[in-house]
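Asker: Following this message is one structure expressed as structure tokens.
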Amino acid sequence: MPVCINILTGGRTHFAFLRSYFQQSDFLHPLWVNAGDFGLFSQHPFLSDIQLKPGQTPCVAKVGLNHRTNSFYNVAQFSNQWKLFAFHLYHRQVGLSRGHFSFSDQIKLQCHANAYKLSEKEWISGDIFAQLFRGEFTTIPSSKGVPLFNRCTSYFTHEPTEFFNISQTNNPHAIRQRMYHSARSPISGKRYPFAYQKRLCEISLARGYRSDFWINEQDISKLHRFGVKLQYQAEGTAVEKKNGARDILYHTEQTSNPLRLQKALNEHNYISQSCVDFLTGKQFSPADLCHLIRFRCVHNFHARKWIRNTDLPIFGAIVCSNQKDNFVKLHSDMWYNLDQLINTKDVVRAQLQIRRSIHKNDQSSLQLFADILGGKSLPS
């Protein structure tokens with residue numbers, strides 16, 4: 001079953017009626033806009049000129065015990081749909097300390113950012129900011145936040161939570177690095193508690209470690225599976241737990257053969273790597289993922305990205321002549337692995353060119369992208 005995504009918030013829509021409607025339609029992508037959010041487009045600076053194509057009707061269904069009506073439009077039903085893709089990639093506001101922002105909240109954040117000339121799209125709530133960094137980083141004096149009702153804290157306090165853009169802090173780069181590049185276990189893939197992160201980040205920078213992988217004492221006993229062990233007299237890094245006890249961690253570069261360990265871990269985790277749609281970057285559903293991984297292993301393909309047959313003209317992609325009949329069929333669509341293309345590098349380069357043009361707001365290139373989405377291929 002396709003994974004339906006709300007393109008405005010980045011969250012999944014778990015309505016079965018949307019998946020069923022998508023399978024019965026001719027839409028290319030399971031990307032949707034809530035009908036209520038469409039009514040707010042005029043309030044958003046970037047989306048104010050988007051309109052529905054003539055004669056378009058929403059997908060409507062009543063769900064839940066109270067039979068609440070939900071209506072959605074597919075991205076294909078809009079004019080200037082390239083702007084929706086651009087919004088999702090570059091203009092969508094991101095919460096570092098919470099889930100996805102609703103579209104109405106994103107309008108408030110975007111307008112606030114424009115009014116105060118804030119350059120970043122990441123936001124963090126003031127209370128979480130204080131709890132996580134405990135004075136290590138601070139907001140710039142006289143900075144004004146945006147009051148939003150947070151589903152977690154506002155449920156109990158009935159008061160809005162103030163969110164700050166990270167450009168309103170004294171060190172946006174360090175905050176982003178701490179939030180996005182958190183130390184984690186290479187074996188389980190789980191991130192270590194936030195209380196560990198400052199100490200591990202400092203050690204990584206001081207010693208020049210190049211990855212975010214740290215091994216705890218429980219993982220050390222599993223290293224023999226990968227044919228490596230800790231270096232002789234390796235010095236562990238002590239971090240303090242909440243209960244006062246200490247945990248000792250070792251970086252993967254403190255093992256006898258870091259490259260061998262990394263290769264072994266890559267092979268170990270290869271089967272669980274997510275396959276993604278080349279156009280949207282979205283992951284496939286678990287059921288579809290099984291078919292793609294099986295196909296990739298049987299034919300010894302290594303690329304994680306897959307391109308739909310109808311998306312080939314968008315990037316000027318050409319399938320190898322002996323691979324045209326070799327594809328994975330998912331929900332009436334044919335999918336090719338990027339390793340099956342003749343001009344893979346050109347296709348990736350075309351994608352980067354399009355994204356850079358969107359990021360720079362190059363009007364001529366944006367119009368070209370709109371034409372491409374309309375069915376025209378990239379110029380040679």
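The way I read the labels, and the way they are meant: chains A, B, ... in the order of the structure tokens, residue 1 as the first residue of every chain, and ligand 1 as the first ligand shown, with later ones counted on from there.
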Could you name the residues that touch Ser256 of chain A at 10 Å or less, counting only C-alpha atoms, but leaving out those on the same chain fewer than 4 positions away, as a list of chain:residue names?
Answerer: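 The contact residues come out as A:Gly227, A:Val228, A:Lys229, A:Leu230, A:Gln231, A:Tyr232, A:Ala234, A:Thr252, A:Arg260, A:Leu261.
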Asker: Could you write out, as a PyMOL selection string, all the residues of segment 68-297 of chain A that DSSP marks as alpha helix (DSSP H)?
Answerer: chain A and resi 81-86+103-115+126-133+154-157+172-180+194-207+217-220+258-270+286-297
Asker: Which residue gives the smallest distance to Ser119 of chain A among A:Gln168, A:Gln106, A:Thr69, A:Phe133, with only C-alpha atoms counted?
Answerer: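 Answer, going by the shortest atom-to-atom distance: A:Gln168.
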Asker: Would you mind listing what lies within 9 Å of segment 192-203 of chain A as an MDAnalysis selection string, with only C-alpha atoms counted and same-chain residues fewer than 3 positions away left out?
Answerer: chainID A and resid 132:133 178 181:185 206:209 212 214 237:242 249
Asker: Taking 5 positions as the minimum chain separation for residues in the same chain, which residues sit within 9 Å of segment 318-333 of chain A when counting only C-alpha atoms? Answer as a list in words.
Answerer: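 Here the qualifying residues turn out to be Met1, Pro2, Gln23, Leu28, Asp288, His291, Leu292, Phe295, Arg308, Asn309, Thr310, Leu312, Pro313, Leu338, Gln340, Leu341, Ile342, Asn343, Thr344 and Val347 of chain A.
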Asker: Between A:Gln43, A:Thr169, A:Gln351, A:Asn6, which one has atoms that come closest to Ala130 of chain A, using only C-alpha atoms?
Answerer: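 Answer, going by the shortest atom-to-atom distance: A:Thr169.
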Asker: Would you mind listing what lies within 12 Å of Leu40 of chain A as a PyMOL selection string, with only C-alpha atoms counted and same-chain residues fewer than 3 positions away left out?
Answerer: chain A and resi 8+33-37+43-51+102-108
Asker: For segment 134-147 of chain A, find every residue with an atom within 10 Å (counting only C-alpha atoms), except residues of its own chain fewer than 4 positions away, and show them as a PyMOL selection string.
Answerer: chain A and resi 105+108-109+112-113+116+123-126+128-130+159-172+174-175+198
Asker: Go ahead and save the picked residues with C-alpha atoms, as a PDB file, in the first residue's frame.
Answerer:
ATOM      1  CA  ASP A 105       1.285  27.156  12.658  1.00  0.00           C
ATOM      2  CA  LYS A 108       2.575  32.064  11.787  1.00  0.00           C
ATOM      3  CA  LEU A 109       6.204  30.947  11.869  1.00  0.00           C
ATOM      4  CA  HIS A 112       7.277  35.910  11.965  1.00  0.00           C
ATOM      5  CA  ALA A 113      10.489  34.880  10.200  1.00  0.00           C
ATOM      6  CA  TYR A 116      12.172  39.737  11.754  1.00  0.00           C
ATOM      7  CA  TRP A 123      12.467  26.142  15.533  1.00  0.00           C
ATOM      8  CA  ILE A 124      12.687  25.027  19.141  1.00  0.00           C
ATOM      9  CA  SER A 125      10.377  25.697  22.070  1.00  0.00           C
ATOM     10  CA  GLY A 126      11.727  27.895  24.835  1.00  0.00           C
ATOM     11  CA  ILE A 128      12.705  22.487  25.805  1.00  0.00           C
ATOM     12  CA  PHE A 129      15.609  24.750  24.828  1.00  0.00           C
ATOM     13  CA  ALA A 130      16.226  25.572  28.491  1.00  0.00           C
ATOM     14  CA  GLU A 159      -1.214  27.873  27.676  1.00  0.00           C
ATOM     15  CA  PRO A 160       0.675  28.417  24.399  1.00  0.00           C
ATOM     16  CA  THR A 161       4.345  27.498  24.168  1.00  0.00           C
ATOM     17  CA  GLU A 162       6.803  30.032  22.787  1.00  0.00           C
ATOM     18  CA  PHE A 163       8.936  28.857  19.862  1.00  0.00           C
ATOM     19  CA  PHE A 164      12.199  30.492  18.794  1.00  0.00           C
ATOM     20  CA  ASN A 165      14.019  30.307  15.491  1.00  0.00           C
ATOM     21  CA  ILE A 166      17.538  28.973  15.941  1.00  0.00           C
ATOM     22  CA  SER A 167      18.873  32.136  14.283  1.00  0.00           C
ATOM     23  CA  GLN A 168      17.619  33.888  17.435  1.00  0.00           C
ATOM     24  CA  THR A 169      20.158  31.954  19.527  1.00  0.00           C
ATOM     25  CA  ASN A 170      23.800  32.693  20.228  1.00  0.00           C
ATOM     26  CA  ASN A 171      25.069  29.651  18.287  1.00  0.00           C
ATOM     27  CA  PRO A 172      22.696  28.285  15.604  1.00  0.00           C
ATOM     28  CA  ALA A 174      26.247  24.306  17.227  1.00  0.00           C
ATOM     29  CA  ILE A 175      22.587  23.770  18.088  1.00  0.00           C
ATOM     30  CA  LYS A 198      27.506  17.483  24.901  1.00  0.00           C
TER      31      LYS A 198
END
